[in-house]
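Next up, run-v8.cif (mmCIF, C-alpha atoms):
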data_query
loop_
_atom_site.group_PDB
_atom_site.id
_atom_site.type_symbol
_atom_site.label_atom_id
_atom_site.label_comp_id
_atom_site.auth_asym_id
_atom_site.auth_seq_id
_atom_site.Cartn_x
_atom_site.Cartn_y
_atom_site.Cartn_z
ATOM 1 C CA MET U 1 85.938 7.721 -88.092
ATOM 2 C CA THR U 2 85.010 4.974 -90.528
ATOM 3 C CA ASN U 3 86.127 1.467 -89.733
ATOM 4 C CA SER U 4 89.229 0.444 -91.675
ATOM 5 C CA PHE U 5 89.570 -3.131 -90.494
ATOM 6 C CA ALA U 6 88.228 -5.796 -92.807
ATOM 7 C CA LEU U 7 86.952 -7.986 -89.950
ATOM 8 C CA SER U 8 84.133 -7.206 -87.531
ATOM 9 C CA ALA U 9 85.319 -4.379 -85.303
ATOM 10 C CA THR U 10 84.170 -6.160 -82.168
ATOM 11 C CA ASN U 11 86.133 -9.267 -83.095
ATOM 12 C CA ARG U 12 89.630 -7.778 -83.443
ATOM 13 C CA ILE U 13 92.144 -8.156 -80.613
ATOM 14 C CA ALA U 14 95.321 -6.069 -80.906
ATOM 15 C CA LEU U 15 98.365 -6.074 -78.630
ATOM 16 C CA ILE U 16 100.667 -3.044 -78.737
ATOM 17 C CA THR U 17 103.951 -2.823 -76.836
ATOM 18 C CA GLY U 18 105.392 0.479 -75.699
ATOM 19 C CA ALA U 19 101.804 1.710 -75.554
ATOM 20 C CA SER U 20 102.140 4.265 -72.745
ATOM 21 C CA ARG U 21 103.383 7.105 -74.968
ATOM 22 C CA GLY U 22 104.614 8.112 -78.408
ATOM 23 C CA ILE U 23 103.933 5.921 -81.410
ATOM 24 C CA GLY U 24 102.627 3.021 -79.325
ATOM 25 C CA ALA U 25 100.029 5.174 -77.591
ATOM 26 C CA ALA U 26 98.956 6.772 -80.877
ATOM 27 C CA VAL U 27 98.545 3.379 -82.564
ATOM 28 C CA ALA U 28 96.615 2.020 -79.586
ATOM 29 C CA LYS U 29 94.191 4.953 -79.639
ATOM 30 C CA ARG U 30 93.770 4.653 -83.420
ATOM 31 C CA PHE U 31 93.101 0.915 -83.292
ATOM 32 C CA ALA U 32 90.601 1.426 -80.476
ATOM 33 C CA ALA U 33 88.876 4.151 -82.482
ATOM 34 C CA GLU U 34 88.667 1.690 -85.370
ATOM 35 C CA GLY U 35 86.820 -0.692 -83.061
ATOM 36 C CA ALA U 36 89.490 -3.163 -81.968
ATOM 37 C CA HIS U 37 89.932 -4.201 -78.353
ATOM 38 C CA VAL U 38 93.487 -3.147 -77.541
ATOM 39 C CA ILE U 39 95.872 -4.768 -75.079
ATOM 40 C CA LEU U 40 98.290 -2.072 -73.916
ATOM 41 C CA VAL U 41 101.722 -3.234 -72.763
ATOM 42 C CA ALA U 42 104.337 -0.946 -71.172
ATOM 43 C CA ARG U 43 106.342 -0.504 -67.988
ATOM 44 C CA ASN U 44 104.745 2.855 -67.167
ATOM 45 C CA SER U 45 101.452 2.165 -65.380
ATOM 46 C CA LYS U 46 100.546 5.850 -65.129
ATOM 47 C CA GLY U 47 101.080 6.321 -68.862
ATOM 48 C CA LEU U 48 98.943 3.274 -69.614
ATOM 49 C CA GLU U 49 96.140 4.618 -67.461
ATOM 50 C CA GLU U 50 96.243 7.961 -69.262
ATOM 51 C CA VAL U 51 96.000 6.249 -72.654
ATOM 52 C CA ASP U 52 93.200 4.053 -71.336
ATOM 53 C CA ASP U 53 91.283 7.131 -70.149
ATOM 54 C CA GLU U 54 91.484 8.627 -73.644
ATOM 55 C CA ILE U 55 90.380 5.384 -75.267
ATOM 56 C CA ARG U 56 87.409 4.928 -72.957
ATOM 57 C CA ALA U 57 86.392 8.572 -73.333
ATOM 58 C CA THR U 58 85.833 7.918 -77.035
ATOM 59 C CA GLY U 59 83.974 4.657 -76.517
ATOM 60 C CA GLY U 60 86.874 2.246 -76.991
ATOM 61 C CA THR U 61 87.965 -0.691 -74.841
ATOM 62 C CA ALA U 62 91.383 -1.668 -73.552
ATOM 63 C CA THR U 63 93.183 -4.107 -71.301
ATOM 64 C CA LEU U 64 96.201 -2.713 -69.438
ATOM 65 C CA VAL U 65 99.308 -4.826 -68.909
ATOM 66 C CA PRO U 66 102.093 -3.143 -66.891
ATOM 67 C CA LEU U 67 105.049 -5.276 -67.942
ATOM 68 C CA ASP U 68 108.792 -4.995 -68.409
ATOM 69 C CA LEU U 69 109.356 -6.916 -71.649
ATOM 70 C CA MET U 70 112.903 -7.715 -70.567
ATOM 71 C CA GLU U 71 111.399 -10.034 -67.946
ATOM 72 C CA PHE U 72 110.989 -12.668 -70.626
ATOM 73 C CA PRO U 73 109.106 -15.361 -68.660
ATOM 74 C CA LYS U 74 106.308 -12.846 -68.082
ATOM 75 C CA ILE U 75 105.698 -12.731 -71.857
ATOM 76 C CA ASP U 76 104.874 -16.464 -71.699
ATOM 77 C CA ILE U 77 102.457 -15.766 -68.859
ATOM 78 C CA LEU U 78 100.814 -12.932 -70.800
ATOM 79 C CA ALA U 79 100.351 -15.172 -73.844
ATOM 80 C CA ALA U 80 98.699 -17.825 -71.689
ATOM 81 C CA GLN U 81 96.365 -15.222 -70.191
ATOM 82 C CA ILE U 82 95.370 -13.909 -73.625
ATOM 83 C CA ALA U 83 94.825 -17.446 -74.865
ATOM 84 C CA GLU U 84 92.507 -18.149 -71.935
ATOM 85 C CA ARG U 85 90.545 -14.899 -72.273
ATOM 86 C CA PHE U 86 90.407 -14.358 -76.043
ATOM 87 C CA GLY U 87 91.610 -17.580 -77.653
ATOM 88 C CA LYS U 88 93.480 -15.696 -80.368
ATOM 89 C CA LEU U 89 95.425 -12.559 -81.238
ATOM 90 C CA ASP U 90 94.589 -10.733 -84.468
ATOM 91 C CA ILE U 91 97.223 -7.996 -84.391
ATOM 92 C CA LEU U 92 100.657 -7.817 -82.759
ATOM 93 C CA VAL U 93 102.506 -4.483 -82.804
ATOM 94 C CA GLY U 94 106.096 -4.685 -81.563
ATOM 95 C CA ASN U 95 106.787 -1.028 -80.928
ATOM 96 C CA ALA U 96 108.697 -0.882 -77.627
ATOM 97 C CA GLY U 97 112.324 0.043 -78.150
ATOM 98 C CA LEU U 98 115.419 1.372 -76.417
ATOM 99 C CA LEU U 99 117.834 3.853 -77.973
ATOM 100 C CA GLY U 100 120.728 3.341 -75.593
ATOM 101 C CA GLU U 101 123.703 5.668 -75.511
ATOM 102 C CA LEU U 102 124.984 7.068 -78.801
ATOM 103 C CA SER U 103 128.743 6.648 -78.764
ATOM 104 C CA PRO U 104 131.621 5.132 -80.733
ATOM 105 C CA LEU U 105 130.947 1.424 -81.128
ATOM 106 C CA THR U 106 134.037 0.326 -79.196
ATOM 107 C CA HIS U 107 133.183 2.685 -76.335
ATOM 108 C CA THR U 108 129.754 1.188 -75.808
ATOM 109 C CA CYS U 109 129.135 -0.009 -72.264
ATOM 110 C CA ILE U 110 128.499 -3.765 -72.190
ATOM 111 C CA GLU U 111 125.492 -3.288 -69.895
ATOM 112 C CA ASP U 112 123.983 -0.734 -72.281
ATOM 113 C CA TRP U 113 124.599 -3.025 -75.276
ATOM 114 C CA ASP U 114 122.898 -5.938 -73.513
ATOM 115 C CA LYS U 115 119.840 -3.860 -72.552
ATOM 116 C CA VAL U 116 119.338 -2.557 -76.093
ATOM 117 C CA MET U 117 119.656 -6.038 -77.548
ATOM 118 C CA ALA U 118 117.370 -7.499 -74.884
ATOM 119 C CA LEU U 119 114.483 -5.140 -75.603
ATOM 120 C CA ASN U 120 114.882 -4.461 -79.319
ATOM 121 C CA VAL U 121 115.659 -8.029 -80.376
ATOM 122 C CA THR U 122 115.195 -10.708 -77.728
ATOM 123 C CA ALA U 123 111.906 -9.394 -76.335
ATOM 124 C CA ASN U 124 110.476 -9.308 -79.855
ATOM 125 C CA PHE U 125 111.693 -12.870 -80.422
ATOM 126 C CA HIS U 126 109.784 -13.907 -77.308
ATOM 127 C CA LEU U 127 106.691 -12.093 -78.584
ATOM 128 C CA LEU U 128 106.838 -14.041 -81.843
ATOM 129 C CA ARG U 129 107.550 -17.325 -80.091
ATOM 130 C CA CYS U 130 104.796 -16.895 -77.514
ATOM 131 C CA PHE U 131 102.107 -15.411 -79.744
ATOM 132 C CA ASP U 132 102.695 -17.431 -82.915
ATOM 133 C CA GLU U 133 99.914 -19.928 -82.188
ATOM 134 C CA LEU U 134 97.507 -17.175 -81.140
ATOM 135 C CA LEU U 135 98.175 -15.271 -84.370
ATOM 136 C CA LYS U 136 97.500 -18.480 -86.286
ATOM 137 C CA ALA U 137 94.272 -18.927 -84.318
ATOM 138 C CA SER U 138 93.058 -15.720 -85.969
ATOM 139 C CA ASP U 139 91.769 -16.000 -89.508
ATOM 140 C CA ALA U 140 93.978 -13.016 -90.365
ATOM 141 C CA GLY U 141 96.888 -12.721 -87.925
ATOM 142 C CA ARG U 142 98.938 -9.598 -88.525
ATOM 143 C CA ALA U 143 102.319 -8.854 -86.911
ATOM 144 C CA MET U 144 104.209 -5.604 -87.415
ATOM 145 C CA PHE U 145 107.393 -4.345 -85.832
ATOM 146 C CA VAL U 146 108.819 -0.835 -85.666
ATOM 147 C CA SER U 147 112.283 -0.543 -87.190
ATOM 148 C CA SER U 148 114.407 2.456 -88.161
ATOM 149 C CA GLY U 149 116.154 4.083 -91.090
ATOM 150 C CA VAL U 150 119.507 3.421 -89.414
ATOM 151 C CA THR U 151 119.364 -0.136 -90.764
ATOM 152 C CA LYS U 152 119.827 1.202 -94.285
ATOM 153 C CA ARG U 153 123.051 3.115 -93.729
ATOM 154 C CA ALA U 154 126.159 2.765 -91.578
ATOM 155 C CA ALA U 155 125.577 5.694 -89.228
ATOM 156 C CA ALA U 156 128.471 6.487 -86.909
ATOM 157 C CA TYR U 157 127.714 6.351 -83.169
ATOM 158 C CA TRP U 158 124.418 4.482 -83.560
ATOM 159 C CA GLY U 159 126.059 1.127 -82.763
ATOM 160 C CA ALA U 160 123.814 -0.903 -80.450
ATOM 161 C CA TYR U 161 120.565 0.621 -81.698
ATOM 162 C CA ALA U 162 121.403 0.171 -85.392
ATOM 163 C CA VAL U 163 122.670 -3.379 -84.887
ATOM 164 C CA SER U 164 119.580 -4.311 -82.865
ATOM 165 C CA LYS U 165 117.166 -2.932 -85.457
ATOM 166 C CA SER U 166 119.051 -4.716 -88.246
ATOM 167 C CA ALA U 167 118.722 -7.949 -86.297
ATOM 168 C CA LEU U 168 115.020 -7.249 -85.752
ATOM 169 C CA GLU U 169 114.490 -6.813 -89.492
ATOM 170 C CA ALA U 170 116.247 -10.102 -90.252
ATOM 171 C CA MET U 171 114.172 -11.896 -87.623
ATOM 172 C CA VAL U 172 110.832 -10.545 -88.849
ATOM 173 C CA ASN U 173 111.704 -11.382 -92.454
ATOM 174 C CA ILE U 174 112.583 -14.939 -91.445
ATOM 175 C CA TYR U 175 109.300 -15.259 -89.556
ATOM 176 C CA ALA U 176 107.410 -13.920 -92.573
ATOM 177 C CA ALA U 177 109.113 -16.426 -94.879
ATOM 178 C CA GLU U 178 108.342 -19.297 -92.532
ATOM 179 C CA ASN U 179 104.679 -18.282 -92.505
ATOM 180 C CA ALA U 180 104.328 -17.584 -96.218
ATOM 181 C CA LYS U 181 101.732 -20.355 -96.568
ATOM 182 C CA THR U 182 99.768 -19.464 -93.434
ATOM 183 C CA SER U 183 97.234 -16.721 -92.759
ATOM 184 C CA VAL U 184 99.797 -14.782 -90.686
ATOM 185 C CA LYS U 185 101.467 -11.768 -92.305
ATOM 186 C CA ALA U 186 104.512 -10.100 -90.747
ATOM 187 C CA ASN U 187 105.963 -6.761 -91.782
ATOM 188 C CA LEU U 188 108.232 -3.922 -90.698
ATOM 189 C CA ILE U 189 107.486 -0.226 -90.337
ATOM 190 C CA ASP U 190 110.134 2.489 -90.518
ATOM 191 C CA PRO U 191 108.279 5.488 -89.063
ATOM 192 C CA GLY U 192 110.940 8.006 -90.069
ATOM 193 C CA ALA U 193 111.461 11.192 -88.058
ATOM 194 C CA VAL U 194 108.576 11.550 -85.590
ATOM 195 C CA ALA U 195 108.211 13.837 -82.563
ATOM 196 C CA THR U 196 108.822 11.272 -79.817
ATOM 197 C CA ARG U 197 110.840 11.232 -76.613
ATOM 198 C CA MET U 198 113.375 8.882 -78.206
ATOM 199 C CA ARG U 199 113.822 11.228 -81.166
ATOM 200 C CA ALA U 200 114.362 14.148 -78.791
ATOM 201 C CA LYS U 201 117.057 12.198 -76.965
ATOM 202 C CA ALA U 202 118.831 11.327 -80.215
ATOM 203 C CA PHE U 203 118.525 14.841 -81.674
ATOM 204 C CA PRO U 204 118.326 17.255 -78.706
ATOM 205 C CA GLY U 205 118.753 20.372 -80.862
ATOM 206 C CA GLU U 206 115.906 19.514 -83.219
ATOM 207 C CA ASP U 207 112.641 21.452 -83.123
ATOM 208 C CA PRO U 208 109.893 18.829 -82.545
ATOM 209 C CA MET U 209 107.352 21.175 -84.103
ATOM 210 C CA THR U 210 108.973 20.511 -87.475
ATOM 211 C CA LEU U 211 108.235 16.785 -87.211
ATOM 212 C CA PRO U 212 105.017 14.808 -87.660
ATOM 213 C CA ALA U 213 103.274 13.810 -84.432
ATOM 214 C CA PRO U 214 102.851 10.082 -83.662
ATOM 215 C CA GLU U 215 99.134 10.421 -84.457
ATOM 216 C CA ASP U 216 100.044 11.514 -87.996
ATOM 217 C CA ILE U 217 101.623 8.177 -88.965
ATOM 218 C CA THR U 218 99.034 5.654 -87.759
ATOM 219 C CA ASP U 219 97.503 5.030 -91.194
ATOM 220 C CA ILE U 220 100.303 2.619 -92.132
ATOM 221 C CA PHE U 221 99.648 0.539 -89.010
ATOM 222 C CA VAL U 222 95.948 0.291 -89.862
ATOM 223 C CA LYS U 223 96.794 -0.671 -93.445
ATOM 224 C CA LEU U 224 99.078 -3.517 -92.351
ATOM 225 C CA ALA U 225 96.508 -4.698 -89.786
ATOM 226 C CA ARG U 226 93.719 -5.170 -92.307
ATOM 227 C CA ALA U 227 92.563 -8.715 -92.962
ATOM 228 C CA ASP U 228 92.655 -8.033 -96.700
ATOM 229 C CA PHE U 229 96.267 -6.860 -96.627
ATOM 230 C CA MET U 230 98.081 -9.899 -97.965
ATOM 231 C CA GLU U 231 101.683 -8.756 -98.355
ATOM 232 C CA THR U 232 104.293 -10.129 -95.978
ATOM 233 C CA GLY U 233 108.003 -9.663 -95.348
ATOM 234 C CA GLY U 234 107.815 -6.017 -96.412
ATOM 235 C CA ARG U 235 109.221 -2.791 -95.019
ATOM 236 C CA TYR U 236 106.902 0.200 -95.034
ATOM 237 C CA ILE U 237 107.316 3.941 -94.554
ATOM 238 C CA PRO U 238 104.369 6.233 -93.681
ATOM 239 C CA ALA U 239 103.169 8.255 -96.660
#
Serialized structure, structure tokens:
Amino acid sequence: MTNSFALSATNRIALITGASRGIGAAVAKRFAAEGAHVILVARNSKGLEEVDDEIRATGGTATLVPLDLMEFPKIDILAAQIAERFGKLDILVGNAGLLGELSPLTHTCIEDWDKVMALNVTANFHLLRCFDELLKASDAGRAMFVSSGVTKRAAAYWGAYAVSKSALEAMVNIYAAENAKTSVKANLIDPGAVATRMRAKAFPGEDPMTLPAPEDITDIFVKLARADFMETGGRYIPA
């Protein structure tokens, strides 16, 4: 595979959340194949190890971070560790997300609502807050967050998930605007219908073979990670 990053392959540090499976794992493997050193963050240690095995088998390098992103103080600790080891972060991919239960809005369990908001919104806020200076320490810091098409229509029964992704989009756009005059670019990716575990939970009767695999949509992540990609505050859909 030819290198698609505009900086030296050996000089790119990328952190991907939700990297133990699905879109996060596919993006991590693609970035590693492009030559970046990838920092894999997820709760599932076994899944992280499996992704790491695949990356190393193809000559890539990775750092594994078993971490529950809803334990917010640990994000501060992770940022400090990355600062000490690498001194910067070139690429931040906020992919980890929680669907929650699909139900009428007023029937939503408060505990479920809080968990969805905590992971889909607050954890990503902590990522931005903690990694802002490290992204600015890169000469081409790139942040991208995975959103959803449910932010563009009022879909019944998608309450907590749709609200959380709408909040995420507002937050990323604000961050992009605040960094318009810096080297940091922040964007959103709506992956569309992809054969993931979350998609299967939301649409249990759907045939996953009719959907693109996570590996099929990684081009857009590489495009937004390039040092010569200068757009910010955008929302992108895989071609």
Separation of atom CA of U:Met70 and atom CA of U:Asn120, in Å?
9.5 Å
Find the residues near U:Ala28: any atom within 7 Å, counting all atoms listed in the file, skip ones fewer than 2 places away on the same chain, and give them as a list in words.
Ile16, Ala19, Gly24, Ala25, Ala26, Arg30, Phe31, Ala32 and Val38 of chain U
Who sits within 10 Å of U:Pro238, all atoms listed in the file, same chain under 6 positions skipped, as a list of chain:residue names:
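After dropping sequence-adjacent residues, the list is U:Ile189, U:Asp190, U:Pro191, U:Gly192, U:Asp216, U:Ile217, U:Thr218, U:Asp219, U:Ile220, U:Phe221.
The interatomic distance for the pair atom CA of U:Leu48 and atom CA of U:Ser20 works out to 4.6 Å.
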List the residues selected by the PyMOL selection byres ((chain U and resi 146) around 10) in the file shown, writing them as number ranges by chain.
U: 23-24, 93-97, 120, 144-145, 147-148, 165, 168-169, 187-191, 221, 235-236
Run the PyMOL selection byres ((chain U and resi 193) around 12) against the file shown and list the residues it catches, as a PyMOL selection string.
chain U and resi 23+147-150+190-192+194-200+202-203+206-214+216-217+237-238
Could you write out the selected residues, including C-alpha atoms, as a tab-separated table (two decimals), keeping the file's coordinate frame?
chain	number	residue	atom	x	y	z
U	23	ILE	CA	103.93	5.92	-81.41
U	147	SER	CA	112.28	-0.54	-87.19
U	148	SER	CA	114.41	2.46	-88.16
U	149	GLY	CA	116.15	4.08	-91.09
U	150	VAL	CA	119.51	3.42	-89.41
U	190	ASP	CA	110.13	2.49	-90.52
U	191	PRO	CA	108.28	5.49	-89.06
U	192	GLY	CA	110.94	8.01	-90.07
U	194	VAL	CA	108.58	11.55	-85.59
U	195	ALA	CA	108.21	13.84	-82.56
U	196	THR	CA	108.82	11.27	-79.82
U	197	ARG	CA	110.84	11.23	-76.61
U	198	MET	CA	113.38	8.88	-78.21
U	199	ARG	CA	113.82	11.23	-81.17
U	200	ALA	CA	114.36	14.15	-78.79
U	202	ALA	CA	118.83	11.33	-80.22
U	203	PHE	CA	118.52	14.84	-81.67
U	206	GLU	CA	115.91	19.51	-83.22
U	207	ASP	CA	112.64	21.45	-83.12
U	208	PRO	CA	109.89	18.83	-82.54
U	209	MET	CA	107.35	21.18	-84.10
U	210	THR	CA	108.97	20.51	-87.48
U	211	LEU	CA	108.24	16.78	-87.21
U	212	PRO	CA	105.02	14.81	-87.66
U	213	ALA	CA	103.27	13.81	-84.43
U	214	PRO	CA	102.85	10.08	-83.66
U	216	ASP	CA	100.04	11.51	-88.00
U	217	ILE	CA	101.62	8.18	-88.96
U	237	ILE	CA	107.32	3.94	-94.55
U	238	PRO	CA	104.37	6.23	-93.68
U:Ile82 environment, 10 Å, only C-alpha atoms, sequence neighbours closer than 5 positions dropped, as a list in words
Ile13, Leu15, Ile39, Ile77, Gly87, Lys88, Leu89, Phe131 and Leu134 of chain U
Atom CA of U:Val65 to atom CA of U:Leu78, distance in Å rounded to a single decimal:
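Computed distance, atom CA of U:Val65 to atom CA of U:Leu78, equals 8.5 Å.
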Using all atoms listed in the file, which of the listed residues (U:Ala140, U:Tyr157, U:Leu69, U:Ala79) sits closest to U:Ala225?
U:Ala140
Could you tell me which residues the PyMOL selection byres ((chain U and resi 133) around 12) returns for this structure, as JSON, numbers by chain?
{"U": [79, 80, 82, 83, 87, 88, 89, 90, 127, 128, 129, 130, 131, 132, 134, 135, 136, 137, 138, 139, 141, 179, 182, 183, 184]}
Expected file: the selected residues, C-alpha atoms, as a PDB file, keeping the file's coordinate frame:
ATOM      1  CA  ALA U  79     100.351 -15.172 -73.844  1.00  0.00           C
ATOM      2  CA  ALA U  80      98.699 -17.825 -71.689  1.00  0.00           C
ATOM      3  CA  ILE U  82      95.370 -13.909 -73.625  1.00  0.00           C
ATOM      4  CA  ALA U  83      94.825 -17.446 -74.865  1.00  0.00           C
ATOM      5  CA  GLY U  87      91.610 -17.580 -77.653  1.00  0.00           C
ATOM      6  CA  LYS U  88      93.480 -15.696 -80.368  1.00  0.00           C
ATOM      7  CA  LEU U  89      95.425 -12.559 -81.238  1.00  0.00           C
ATOM      8  CA  ASP U  90      94.589 -10.733 -84.468  1.00  0.00           C
ATOM      9  CA  LEU U 127     106.691 -12.093 -78.584  1.00  0.00           C
ATOM     10  CA  LEU U 128     106.838 -14.041 -81.843  1.00  0.00           C
ATOM     11  CA  ARG U 129     107.550 -17.325 -80.091  1.00  0.00           C
ATOM     12  CA  CYS U 130     104.796 -16.895 -77.514  1.00  0.00           C
ATOM     13  CA  PHE U 131     102.107 -15.411 -79.744  1.00  0.00           C
ATOM     14  CA  ASP U 132     102.695 -17.431 -82.915  1.00  0.00           C
ATOM     15  CA  LEU U 134      97.507 -17.175 -81.140  1.00  0.00           C
ATOM     16  CA  LEU U 135      98.175 -15.271 -84.370  1.00  0.00           C
ATOM     17  CA  LYS U 136      97.500 -18.480 -86.286  1.00  0.00           C
ATOM     18  CA  ALA U 137      94.272 -18.927 -84.318  1.00  0.00           C
ATOM     19  CA  SER U 138      93.058 -15.720 -85.969  1.00  0.00           C
ATOM     20  CA  ASP U 139      91.769 -16.000 -89.508  1.00  0.00           C
ATOM     21  CA  GLY U 141      96.888 -12.721 -87.925  1.00  0.00           C
ATOM     22  CA  ASN U 179     104.679 -18.282 -92.505  1.00  0.00           C
ATOM     23  CA  THR U 182      99.768 -19.464 -93.434  1.00  0.00           C
ATOM     24  CA  SER U 183      97.234 -16.721 -92.759  1.00  0.00           C
ATOM     25  CA  VAL U 184      99.797 -14.782 -90.686  1.00  0.00           C
TER      26      VAL U 184
END
Could you pull the residues within 12 Å of U:Ala167, counting only C-alpha atoms, minus those fewer than 5 positions along the same chain, as a count of residues only?
20
Which residue gives the smallest distance to U:Ala154 among U:Gly22, U:Leu105, U:Asp114, U:Ser45, with only C-alpha atoms counted?
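Checking each of U:Gly22, U:Leu105, U:Asp114, U:Ser45 against U:Ala154, counting only C-alpha atoms, the winner is U:Leu105.
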With distances taken over only C-alpha atoms, which of U:Ala123, U:Leu102, U:Val222, U:Ala156 is nearest to U:Asp68?
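Using only C-alpha atoms, the shortest distance to U:Asp68 belongs to U:Ala123.
With only C-alpha atoms as the atoms that count, the minimum distance from U:His126 to the choices U:Met171, U:Ile110, U:Ala186, U:Arg153 is reached by U:Met171.
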